[in-house]
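Participant: Provided herewith: model.cif, mmCIF, C-alpha atoms and all ligand atoms.
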data_target
#
loop_
_atom_site.group_PDB
_atom_site.id
_atom_site.type_symbol
_atom_site.label_atom_id
_atom_site.label_comp_id
_atom_site.auth_asym_id
_atom_site.auth_seq_id
_atom_site.Cartn_x
_atom_site.Cartn_y
_atom_site.Cartn_z
ATOM 1 C CA MET A 1 9.343 44.347 -21.986
ATOM 2 C CA LYS A 2 8.634 47.370 -24.181
ATOM 3 C CA ILE A 3 10.415 50.633 -23.429
ATOM 4 C CA ALA A 4 9.486 54.068 -24.758
ATOM 5 C CA ALA A 5 11.910 57.000 -24.707
ATOM 6 C CA VAL A 6 10.364 60.464 -24.936
ATOM 7 C CA GLN A 7 12.556 62.932 -26.819
ATOM 8 C CA ALA A 8 10.902 66.320 -26.280
ATOM 9 C CA ALA A 9 11.726 69.947 -26.948
ATOM 10 C CA ILE A 10 11.324 71.144 -23.373
ATOM 11 C CA ARG A 11 9.923 74.701 -23.124
ATOM 12 C CA TYR A 12 12.614 76.872 -21.557
ATOM 13 C CA GLY A 13 11.362 77.935 -18.126
ATOM 14 C CA ASP A 14 7.670 77.223 -18.880
ATOM 15 C CA VAL A 15 7.002 74.711 -16.113
ATOM 16 C CA ASP A 16 3.226 74.335 -16.550
ATOM 17 C CA ALA A 17 3.589 73.758 -20.298
ATOM 18 C CA ASN A 18 6.253 71.145 -19.607
ATOM 19 C CA TYR A 19 4.051 69.126 -17.214
ATOM 20 C CA HIS A 20 1.373 69.181 -19.922
ATOM 21 C CA ILE A 21 3.864 67.991 -22.576
ATOM 22 C CA ALA A 22 5.050 65.202 -20.270
ATOM 23 C CA ASP A 23 1.461 64.093 -19.632
ATOM 24 C CA GLN A 24 0.678 63.924 -23.359
ATOM 25 C CA ALA A 25 3.908 62.022 -24.057
ATOM 26 C CA ILE A 26 3.230 59.462 -21.324
ATOM 27 C CA GLU A 27 -0.285 58.954 -22.676
ATOM 28 C CA ALA A 28 1.080 58.459 -26.222
ATOM 29 C CA ALA A 29 3.750 56.008 -25.031
ATOM 30 C CA ALA A 30 1.185 54.031 -23.050
ATOM 31 C CA ALA A 31 -1.054 53.938 -26.140
ATOM 32 C CA ALA A 32 1.909 52.391 -27.975
ATOM 33 C CA GLU A 33 1.800 49.664 -25.291
ATOM 34 C CA ALA A 34 5.017 50.609 -23.533
ATOM 35 C CA ASP A 35 5.680 48.960 -20.170
ATOM 36 C CA ILE A 36 8.169 51.675 -19.184
ATOM 37 C CA VAL A 37 8.176 55.320 -20.289
ATOM 38 C CA VAL A 38 11.357 57.368 -19.870
ATOM 39 C CA LEU A 39 11.561 61.174 -19.837
ATOM 40 C CA SER A 40 14.634 63.372 -20.373
ATOM 41 C CA GLU A 41 16.735 65.586 -18.053
ATOM 42 C CA LEU A 42 15.270 68.665 -16.344
ATOM 43 C CA TRP A 43 11.976 68.277 -18.202
ATOM 44 C CA ASN A 44 10.213 70.763 -15.874
ATOM 45 C CA THR A 45 12.481 73.758 -16.628
ATOM 46 C CA SER A 46 14.981 72.683 -19.330
ATOM 47 C CA PHE A 47 18.754 72.997 -18.748
ATOM 48 C CA TYR A 48 18.593 75.625 -17.228
ATOM 49 C CA PRO A 49 17.074 79.075 -17.033
ATOM 50 C CA LEU A 50 18.715 81.734 -14.813
ATOM 51 C CA ASN A 51 15.735 81.594 -12.431
ATOM 52 C CA VAL A 52 15.810 77.774 -12.208
ATOM 53 C CA TYR A 53 15.894 77.994 -8.389
ATOM 54 C CA ASP A 54 12.569 79.854 -8.304
ATOM 55 C CA LEU A 55 10.992 77.511 -10.866
ATOM 56 C CA ALA A 56 12.152 74.278 -9.196
ATOM 57 C CA ASP A 57 9.807 71.782 -7.578
ATOM 58 C CA GLU A 58 9.705 71.712 -3.747
ATOM 59 C CA GLU A 59 10.744 68.407 -2.184
ATOM 60 C CA GLY A 60 9.622 66.693 -5.411
ATOM 61 C CA LYS A 61 5.985 67.131 -4.342
ATOM 62 C CA ARG A 62 4.470 68.219 -7.641
ATOM 63 C CA THR A 63 6.561 65.783 -9.683
ATOM 64 C CA LYS A 64 5.880 62.763 -7.492
ATOM 65 C CA ALA A 65 2.142 63.495 -7.442
ATOM 66 C CA PHE A 66 2.113 64.048 -11.221
ATOM 67 C CA LEU A 67 4.133 60.912 -12.090
ATOM 68 C CA SER A 68 2.216 58.761 -9.647
ATOM 69 C CA ASP A 69 -1.123 59.903 -11.043
ATOM 70 C CA ALA A 70 0.040 59.463 -14.666
ATOM 71 C CA ALA A 71 1.433 55.977 -13.949
ATOM 72 C CA LYS A 72 -1.901 54.867 -12.499
ATOM 73 C CA ARG A 73 -4.001 56.604 -15.160
ATOM 74 C CA TYR A 74 -2.021 55.211 -18.092
ATOM 75 C CA HIS A 75 -1.007 51.973 -16.371
ATOM 76 C CA VAL A 76 2.693 52.287 -17.121
ATOM 77 C CA HIS A 77 5.990 52.447 -15.182
ATOM 78 C CA ILE A 78 7.720 55.829 -15.479
ATOM 79 C CA VAL A 79 11.431 56.624 -15.190
ATOM 80 C CA GLY A 80 10.821 60.303 -14.665
ATOM 81 C CA GLY A 81 13.893 61.778 -16.377
ATOM 82 C CA SER A 82 14.897 64.495 -13.976
ATOM 83 C CA VAL A 83 13.513 67.751 -12.622
ATOM 84 C CA ALA A 84 14.930 70.821 -10.929
ATOM 85 C CA ASN A 85 14.033 70.162 -7.309
ATOM 86 C CA LYS A 86 14.635 72.022 -4.025
ATOM 87 C CA LYS A 87 15.329 69.977 -0.924
ATOM 88 C CA GLN A 88 15.805 71.833 2.347
ATOM 89 C CA GLY A 89 16.562 74.966 0.327
ATOM 90 C CA LYS A 90 19.222 73.358 -1.883
ATOM 91 C CA LEU A 91 18.706 72.776 -5.595
ATOM 92 C CA TYR A 92 19.143 69.265 -7.023
ATOM 93 C CA ASN A 93 18.781 67.657 -10.448
ATOM 94 C CA SER A 94 16.495 64.824 -9.281
ATOM 95 C CA THR A 95 15.023 61.681 -10.775
ATOM 96 C CA PHE A 96 11.880 59.963 -9.509
ATOM 97 C CA VAL A 97 10.870 56.492 -10.683
ATOM 98 C CA VAL A 98 7.280 55.344 -10.166
ATOM 99 C CA ASP A 99 5.737 51.975 -10.859
ATOM 100 C CA LYS A 100 2.338 51.275 -12.402
ATOM 101 C CA THR A 101 0.645 51.377 -9.010
ATOM 102 C CA GLY A 102 1.902 54.928 -8.497
ATOM 103 C CA GLU A 103 4.482 53.999 -5.871
ATOM 104 C CA VAL A 104 7.835 55.841 -5.940
ATOM 105 C CA VAL A 105 10.426 53.043 -6.244
ATOM 106 C CA GLY A 106 13.564 55.039 -7.065
ATOM 107 C CA GLU A 107 15.078 58.470 -6.389
ATOM 108 C CA TYR A 108 18.357 59.953 -7.578
ATOM 109 C CA ASP A 109 20.199 63.255 -7.481
ATOM 110 C CA LYS A 110 22.715 63.812 -10.307
ATOM 111 C CA VAL A 111 26.145 62.933 -8.963
ATOM 112 C CA HIS A 112 28.508 64.455 -11.558
ATOM 113 C CA LEU A 113 27.435 68.052 -12.142
ATOM 114 C CA PHE A 114 28.389 69.486 -15.555
ATOM 115 C CA THR A 115 31.093 71.984 -14.572
ATOM 116 C CA PRO A 116 31.566 73.351 -18.160
ATOM 117 C CA GLY A 117 27.917 74.520 -17.923
ATOM 118 C CA LYS A 118 28.508 75.807 -14.333
ATOM 119 C CA GLU A 119 25.883 73.357 -13.084
ATOM 120 C CA ASP A 120 27.969 72.939 -9.929
ATOM 121 C CA MET A 121 27.525 76.654 -9.117
ATOM 122 C CA VAL A 122 23.734 76.318 -9.087
ATOM 123 C CA PHE A 123 22.938 72.715 -8.140
ATOM 124 C CA THR A 124 24.076 70.467 -5.290
ATOM 125 C CA ALA A 125 25.454 67.012 -6.178
ATOM 126 C CA GLY A 126 23.956 63.745 -4.979
ATOM 127 C CA ASN A 127 25.997 60.898 -3.522
ATOM 128 C CA HIS A 128 24.068 57.707 -4.161
ATOM 129 C CA LEU A 129 23.303 55.212 -6.904
ATOM 130 C CA ASN A 130 19.710 54.666 -7.923
ATOM 131 C CA ILE A 131 19.037 50.930 -8.117
ATOM 132 C CA PHE A 132 15.380 49.935 -8.317
ATOM 133 C CA GLU A 133 13.160 47.107 -9.511
ATOM 134 C CA LEU A 134 10.327 47.139 -12.019
ATOM 135 C CA ASP A 135 8.498 43.881 -12.779
ATOM 136 C CA GLY A 136 11.147 42.066 -10.727
ATOM 137 C CA VAL A 137 14.059 43.330 -12.868
ATOM 138 C CA LYS A 138 16.922 45.344 -11.356
ATOM 139 C CA MET A 139 17.614 48.623 -13.145
ATOM 140 C CA ALA A 140 19.555 51.828 -12.524
ATOM 141 C CA SER A 141 19.440 55.423 -13.634
ATOM 142 C CA ILE A 142 22.020 58.173 -13.935
ATOM 143 C CA ILE A 143 21.804 61.627 -15.543
ATOM 144 C CA CYS A 144 23.574 63.008 -18.631
ATOM 145 C CA TYR A 145 27.201 63.964 -17.728
ATOM 146 C CA ASP A 146 27.254 60.951 -15.333
ATOM 147 C CA VAL A 147 27.603 58.729 -18.440
ATOM 148 C CA ARG A 148 31.174 59.994 -18.947
ATOM 149 C CA PHE A 149 32.136 58.302 -15.656
ATOM 150 C CA GLY A 150 32.482 54.643 -16.500
ATOM 151 C CA GLU A 151 33.417 53.771 -12.927
ATOM 152 C CA TRP A 152 30.039 55.074 -11.702
ATOM 153 C CA VAL A 153 28.079 53.035 -14.217
ATOM 154 C CA ARG A 154 30.182 49.967 -13.376
ATOM 155 C CA MET A 155 28.940 50.322 -9.778
ATOM 156 C CA ALA A 156 25.373 50.083 -11.047
ATOM 157 C CA ALA A 157 26.218 46.983 -13.092
ATOM 158 C CA LEU A 158 27.947 45.385 -10.098
ATOM 159 C CA ALA A 159 24.825 46.108 -8.031
ATOM 160 C CA GLY A 160 22.907 43.947 -10.520
ATOM 161 C CA ALA A 161 21.282 46.457 -12.870
ATOM 162 C CA GLN A 162 20.294 44.944 -16.221
ATOM 163 C CA ILE A 163 18.988 48.163 -17.750
ATOM 164 C CA LEU A 164 20.591 51.603 -17.364
ATOM 165 C CA PHE A 165 18.532 54.740 -18.030
ATOM 166 C CA VAL A 166 20.366 57.900 -19.073
ATOM 167 C CA PRO A 167 18.067 60.932 -19.243
ATOM 168 C CA ALA A 168 19.982 63.870 -20.687
ATOM 169 C CA ALA A 169 20.067 67.407 -22.052
ATOM 170 C CA TRP A 170 23.078 66.761 -24.251
ATOM 171 C CA PRO A 171 24.001 69.573 -26.619
ATOM 172 C CA ASN A 172 25.550 69.960 -30.026
ATOM 173 C CA PRO A 173 28.289 69.673 -31.154
ATOM 174 C CA ARG A 174 28.930 66.465 -29.177
ATOM 175 C CA LEU A 175 26.431 64.033 -30.708
ATOM 176 C CA GLY A 176 29.361 61.705 -31.447
ATOM 177 C CA HIS A 177 30.358 61.551 -27.771
ATOM 178 C CA TRP A 178 26.733 60.902 -26.799
ATOM 179 C CA GLN A 179 26.439 57.931 -29.136
ATOM 180 C CA ILE A 180 29.822 56.388 -28.389
ATOM 181 C CA LEU A 181 29.668 56.823 -24.610
ATOM 182 C CA ASN A 182 26.225 55.232 -24.346
ATOM 183 C CA GLN A 183 27.212 52.325 -26.591
ATOM 184 C CA ALA A 184 30.446 51.862 -24.640
ATOM 185 C CA ARG A 185 28.562 51.736 -21.322
ATOM 186 C CA ALA A 186 26.244 49.082 -22.805
ATOM 187 C CA ILE A 187 29.115 46.979 -24.183
ATOM 188 C CA GLU A 188 31.447 47.176 -21.184
ATOM 189 C CA ASN A 189 28.686 46.439 -18.682
ATOM 190 C CA GLN A 190 26.739 44.033 -20.904
ATOM 191 C CA MET A 191 23.499 45.779 -20.036
ATOM 192 C CA PHE A 192 20.712 47.524 -21.952
ATOM 193 C CA VAL A 193 21.115 51.306 -22.086
ATOM 194 C CA VAL A 194 18.152 53.601 -22.655
ATOM 195 C CA ALA A 195 19.600 57.017 -23.465
ATOM 196 C CA VAL A 196 16.939 59.742 -23.608
ATOM 197 C CA ASN A 197 18.027 63.152 -24.826
ATOM 198 C CA SER A 198 16.187 66.435 -25.276
ATOM 199 C CA CYS A 199 15.970 68.312 -28.568
ATOM 200 C CA GLY A 200 15.347 71.930 -29.520
ATOM 201 C CA GLN A 201 16.918 75.124 -28.202
ATOM 202 C CA ALA A 202 17.275 76.333 -24.602
ATOM 203 C CA GLY A 203 19.231 79.497 -23.960
ATOM 204 C CA GLU A 204 22.713 78.958 -25.374
ATOM 205 C CA TYR A 205 22.209 75.194 -25.830
ATOM 206 C CA GLN A 206 20.955 73.334 -28.888
ATOM 207 C CA PHE A 207 20.180 69.797 -27.741
ATOM 208 C CA CYS A 208 21.142 67.177 -30.288
ATOM 209 C CA GLY A 209 18.463 64.504 -29.795
ATOM 210 C CA GLY A 210 19.668 61.102 -30.957
ATOM 211 C CA SER A 211 17.960 59.157 -28.155
ATOM 212 C CA MET A 212 18.806 55.475 -28.323
ATOM 213 C CA ILE A 213 17.819 52.088 -26.972
ATOM 214 C CA ILE A 214 20.951 49.917 -27.030
ATOM 215 C CA ASP A 215 21.295 46.203 -26.365
ATOM 216 C CA PRO A 216 24.055 44.635 -24.191
ATOM 217 C CA TRP A 217 26.086 43.825 -27.316
ATOM 218 C CA GLY A 218 26.158 47.551 -28.199
ATOM 219 C CA LYS A 219 23.646 47.256 -31.029
ATOM 220 C CA VAL A 220 21.333 50.257 -31.391
ATOM 221 C CA LEU A 221 17.793 48.828 -31.423
ATOM 222 C CA SER A 222 16.048 52.128 -31.949
ATOM 223 C CA GLN A 223 17.344 55.655 -32.543
ATOM 224 C CA ALA A 224 15.799 59.098 -32.826
ATOM 225 C CA ASP A 225 16.916 61.859 -35.159
ATOM 226 C CA GLY A 226 17.097 65.490 -33.958
ATOM 227 C CA ARG A 227 13.342 66.099 -33.768
ATOM 228 C CA GLU A 228 10.622 65.567 -31.145
ATOM 229 C CA GLN A 229 9.566 61.937 -31.120
ATOM 230 C CA ILE A 230 8.965 58.856 -29.036
ATOM 231 C CA ILE A 231 11.109 55.838 -29.859
ATOM 232 C CA THR A 232 10.237 52.354 -28.636
ATOM 233 C CA SER A 233 11.880 48.970 -28.513
ATOM 234 C CA ASP A 234 11.138 45.566 -27.092
ATOM 235 C CA VAL A 235 14.005 44.480 -24.892
ATOM 236 C CA ASP A 236 14.654 40.789 -24.413
ATOM 237 C CA LEU A 237 16.451 40.506 -21.083
ATOM 238 C CA SER A 238 17.213 36.826 -21.628
ATOM 239 C CA VAL A 239 20.109 37.761 -23.998
ATOM 240 C CA ILE A 240 22.150 39.158 -21.096
ATOM 241 C CA LYS A 241 22.959 35.753 -19.661
ATOM 242 C CA GLY A 242 24.361 34.433 -22.950
ATOM 243 C CA ILE A 243 26.468 37.541 -23.592
ATOM 244 C CA ARG A 244 27.848 37.551 -20.047
ATOM 245 C CA SER A 245 28.830 33.905 -20.302
ATOM 246 C CA SER A 246 30.361 34.151 -23.817
ATOM 247 C CA ILE A 247 32.650 37.070 -22.786
ATOM 248 C CA ASN A 248 32.684 36.930 -19.011
ATOM 249 C CA VAL A 249 34.103 40.342 -18.081
ATOM 250 C CA PHE A 250 32.568 40.210 -14.611
ATOM 251 C CA ARG A 251 34.546 37.064 -13.826
ATOM 252 C CA ASP A 252 37.714 38.249 -15.582
ATOM 253 C CA ARG A 253 38.003 41.730 -14.105
ATOM 254 C CA ARG A 254 40.929 42.365 -11.687
ATOM 255 C CA PRO A 255 39.583 44.828 -9.113
ATOM 256 C CA GLU A 256 42.581 44.243 -6.838
ATOM 257 C CA LEU A 257 44.669 46.171 -9.429
ATOM 258 C CA TYR A 258 42.247 49.032 -9.972
ATOM 259 C CA HIS A 259 43.853 51.650 -7.715
ATOM 260 C CA LEU A 260 46.904 53.922 -7.974
HETATM 261 O O1 LIG B 1 29.101 65.801 -21.105
HETATM 262 C C1 LIG B 1 28.595 66.496 -21.990
HETATM 263 O O2 LIG B 1 29.152 66.709 -23.071
HETATM 264 C C2 LIG B 1 27.251 67.134 -21.787
HETATM 265 C C3 LIG B 1 26.762 66.986 -20.384
HETATM 266 C C4 LIG B 1 25.588 67.844 -20.099
HETATM 267 O O3 LIG B 1 25.160 68.629 -20.913
HETATM 268 C C5 LIG B 1 24.896 67.697 -18.814
HETATM 269 O O4 LIG B 1 25.325 66.926 -17.941
HETATM 270 O O5 LIG B 1 23.852 68.354 -18.634
#
Let me see the structure of the file written as C-alpha cells.
Facilitator:
Amino acid sequence: MKIAAVQAAIRYGDVDANYHIADQAIEAAAAAEADIVVLSELWNTSFYPLNVYDLADEEGKRTKAFLSDAAKRYHVHIVGGSVANKKQGKLYNSTFVVDKTGEVVGEYDKVHLFTPGKEDMVFTAGNHLNIFELDGVKMASIICYDVRFGEWVRMAALAGAQILFVPAAWPNPRLGHWQILNQARAIENQMFVVAVNSCGQAGEYQFCGGSMIIDPWGKVLSQADGREQIITSDVDLSVIKGIRSSINVFRDRRPELYHL
C-alpha cells in the first residue's frame, strides 16, 4: 500500500486557491501511484485567519463534494486532512475521509483544541474517534495537538487501527516535539503513523514541515524538509504482526491499574 503525504504552504484565508492547490496535489500523488493521499490540517483556510468562521465550509458540503470528485477522478483514497467547517452554526476542525469510489467513510472533529493558540475560543471540540477502513484495513485519524494525548491514540490502537493519520499545522520552534511525539505514538502503539504537516507562514505562525511516514518500530520511512513537497512510502502492513508478537505490549498492559 503506497501512501502520499502532501506538505503544502496553505494560502492564508484564500479558500478558492487552497481547493485548487489540493486538487493539483491529489493529482500529483495519484500520478505517483499512491493508494492513499493525505492532506494537512485546515487546508481550506490555514490555521487560522480572524474571519475563519465566515470562510468555513457549511456542513462539509463543498469539501465532501470536492474530495469525492477528486477520489473518483484520480482513483485514489483521500484522508482529507481537515477543514474549517460549520455545523449547525458551530465551527469545527473537521476531517473527511473518502474512498476511491467517492464514498465518505470517515468523519472526525478535532477533540483536543490547541488552547495556547486560543483554538478553543473559536472552534467547538469533537467527542469521537475516527476509525475507518480502506481496502479492508482499519485506520484512524486525529488532528495535530491530539498527538500529545497518548491515551487518545491508544484508544484508536485498541479499536484495531493499524495506520494513524496525523494532519497538522505544527509551528516552529517545536519541530523536535513533532518528530518525537509522532515516533513515540508509532512505537508505543506498534502502528504506522503518517504525520502530515503544513509549511510556510500564516499570520503569526511559521509551520515547520517535517512530514513523516513512520513504521511500527519507530523508523522514519520518509521525511520532508521545511518546503512544499509530497513524500511517499510503501507500507508493508504484514510487519505489524511480528512486532506485536515480539514485544507484546497489548497483552502485557495492566489497564486495571491505569486510574488514580
Ligand atoms: O502542540 C503543539 O505544539 C502544536 C499544536 C497545534 O499547533 C495545533 O493543534 O494546531
Participant: Any residue with an atom at most 8 Å from ligand LIG 1 (chain B) counts, using only C-alpha atoms and all ligand atoms. Which are they? Put them as a list in words.
Facilitator: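 With only C-alpha atoms and all ligand atoms and a cut-off of 8 Å, ligand LIG 1 (chain B) is contacted by Glu41, Phe47, His112, Leu113, Phe114, Gly117, Glu119, Ile143, Cys144, Tyr145, Asp146, Val147, Arg148, Ala168, Ala169, Trp170, Pro171, Arg174, His177 and Trp178 of chain A.
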Participant: Decode the PyMOL selection byres (((chain A and resi 60-68) around 7) and not hetatm) for the given file into explicit residues and return them as a list in words.
Facilitator: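 Here the PyMOL selection byres (((chain A and resi 60-68) around 7) and not hetatm) matches Asp57, Glu58, Glu59, Asp69, Ala70, Ala71, Lys72, Asn85, Phe96, Val98, Gly102 and Glu103 of chain A.
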Participant: Run the PyMOL selection byres (((chain A and resi 128-133) around 7) and not hetatm) mentally over the shown coordinates, then write out the matched residues as a ChimeraX atom specification, using the chain letters and numbers from the document.
Facilitator: /A:105-108,126-127,134-141,156,161
Participant: Which residues match the PyMOL selection byres (((chain A and resi 194-207) around 6) and not hetatm) in the file above, as a VMD selection string?
Facilitator: chain A and resid 5 7 to 9 12 40 165 to 172 193 208 to 209 211 to 213
Participant: How many Å lie between CA of Tyr92 in chain A and CA of Ile214 in chain A, rounded to one decimal?
Facilitator: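 Calculated distance between CA of Tyr92 in chain A and CA of Ile214 in chain A is 27.9 Å.
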Participant: Find the residues around range 215-222 of chain A up to 10 Å (only C-alpha atoms counted), leave out those fewer than 5 positions away in its own chain, and share them as an mmCIF file with C-alpha atoms, in the coordinates of the input.
Facilitator:
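out_28.cif, freshly written:
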data_model
loop_
_atom_site.group_PDB
_atom_site.id
_atom_site.type_symbol
_atom_site.label_atom_id
_atom_site.label_comp_id
_atom_site.auth_asym_id
_atom_site.auth_seq_id
_atom_site.Cartn_x
_atom_site.Cartn_y
_atom_site.Cartn_z
ATOM 1 C CA ALA A 4 9.486 54.068 -24.758
ATOM 2 C CA ALA A 5 11.910 57.000 -24.707
ATOM 3 C CA GLN A 162 20.294 44.944 -16.221
ATOM 4 C CA ILE A 163 18.988 48.163 -17.750
ATOM 5 C CA GLN A 179 26.439 57.931 -29.136
ATOM 6 C CA ILE A 180 29.822 56.388 -28.389
ATOM 7 C CA ASN A 182 26.225 55.232 -24.346
ATOM 8 C CA GLN A 183 27.212 52.325 -26.591
ATOM 9 C CA ALA A 184 30.446 51.862 -24.640
ATOM 10 C CA ARG A 185 28.562 51.736 -21.322
ATOM 11 C CA ALA A 186 26.244 49.082 -22.805
ATOM 12 C CA ILE A 187 29.115 46.979 -24.183
ATOM 13 C CA GLU A 188 31.447 47.176 -21.184
ATOM 14 C CA ASN A 189 28.686 46.439 -18.682
ATOM 15 C CA GLN A 190 26.739 44.033 -20.904
ATOM 16 C CA MET A 191 23.499 45.779 -20.036
ATOM 17 C CA PHE A 192 20.712 47.524 -21.952
ATOM 18 C CA VAL A 193 21.115 51.306 -22.086
ATOM 19 C CA VAL A 194 18.152 53.601 -22.655
ATOM 20 C CA GLY A 210 19.668 61.102 -30.957
ATOM 21 C CA ILE A 231 11.109 55.838 -29.859
ATOM 22 C CA THR A 232 10.237 52.354 -28.636
ATOM 23 C CA SER A 233 11.880 48.970 -28.513
ATOM 24 C CA ASP A 234 11.138 45.566 -27.092
ATOM 25 C CA VAL A 235 14.005 44.480 -24.892
ATOM 26 C CA ASP A 236 14.654 40.789 -24.413
ATOM 27 C CA LEU A 237 16.451 40.506 -21.083
ATOM 28 C CA VAL A 239 20.109 37.761 -23.998
ATOM 29 C CA ILE A 240 22.150 39.158 -21.096
ATOM 30 C CA ILE A 243 26.468 37.541 -23.592
ATOM 31 C CA ARG A 244 27.848 37.551 -20.047
#
Participant: Which residue gives the smallest distance to Val83 in chain A among A:Val249, A:Lys118, A:Val104, A:Ala22, with all atoms listed in the file counted?
Facilitator: A:Ala22
Participant: For a test of reading the model, state the distance in Å between CA of Lys110 in chain A and CA of Arg154 in chain A, rounded to one decimal.
Facilitator: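 These two atoms are separated by 16.0 Å.
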Participant: Pick the closest to Ala224 in chain A from A:Met155, A:Leu175, A:Asp99, A:Asn18: which is it, counting all atoms listed in the file?
Facilitator: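 Checking each candidate against Ala224 in chain A, we get A:Leu175 as the closest.
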Participant: Report the distance between CA of Leu260 in chain A and CA of Ile247 in chain A in Å, rounded to one decimal place.
Facilitator: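 Separation of CA of Leu260 in chain A and CA of Ile247 in chain A: 26.6 Å.
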Participant: Taking into account only C-alpha atoms, which residue in the set A:Thr124, A:Ile78, A:Asp225, A:Asn248 is nearest to Lys90 in chain A?
Facilitator: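 Residue with the minimum atom-to-atom distance to Lys90 in chain A: A:Thr124.
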Participant: How would you write as a VMD selection string the residues that get within 6 Å of (12.9, 56.7, -15.9) in the file's frame, counting only C-alpha atoms?
Facilitator: chain A and resid 38 78 to 81 97
Participant: Looking at A:Ala28, A:Leu42, A:Leu50, A:Leu164, which one is nearest to Tyr74 in chain A, with distances taken over only C-alpha atoms?
Facilitator: A:Ala28
Participant: Would you place a box with edges along x, y and z of the file around all atoms of range 203-220 of chain A listed there, add 5 Å to each of its six sides, and report the centre and edge lengths in Å to one decimal, as AutoDock Vina command-line options?
Facilitator:
--center_x 22.0 --center_y 61.7 --center_z -27.7 --size_x 18.3 --size_y 45.7 --size_z 17.4
Participant: Choose the residue, out of A:Ile230, A:Asp109, A:Lys87, A:Leu181, that has the smallest atom-to-atom separation from Leu39 in chain A; count only C-alpha atoms.
Facilitator: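 Once distances to Leu39 in chain A are computed over only C-alpha atoms, the minimum belongs to A:Ile230.
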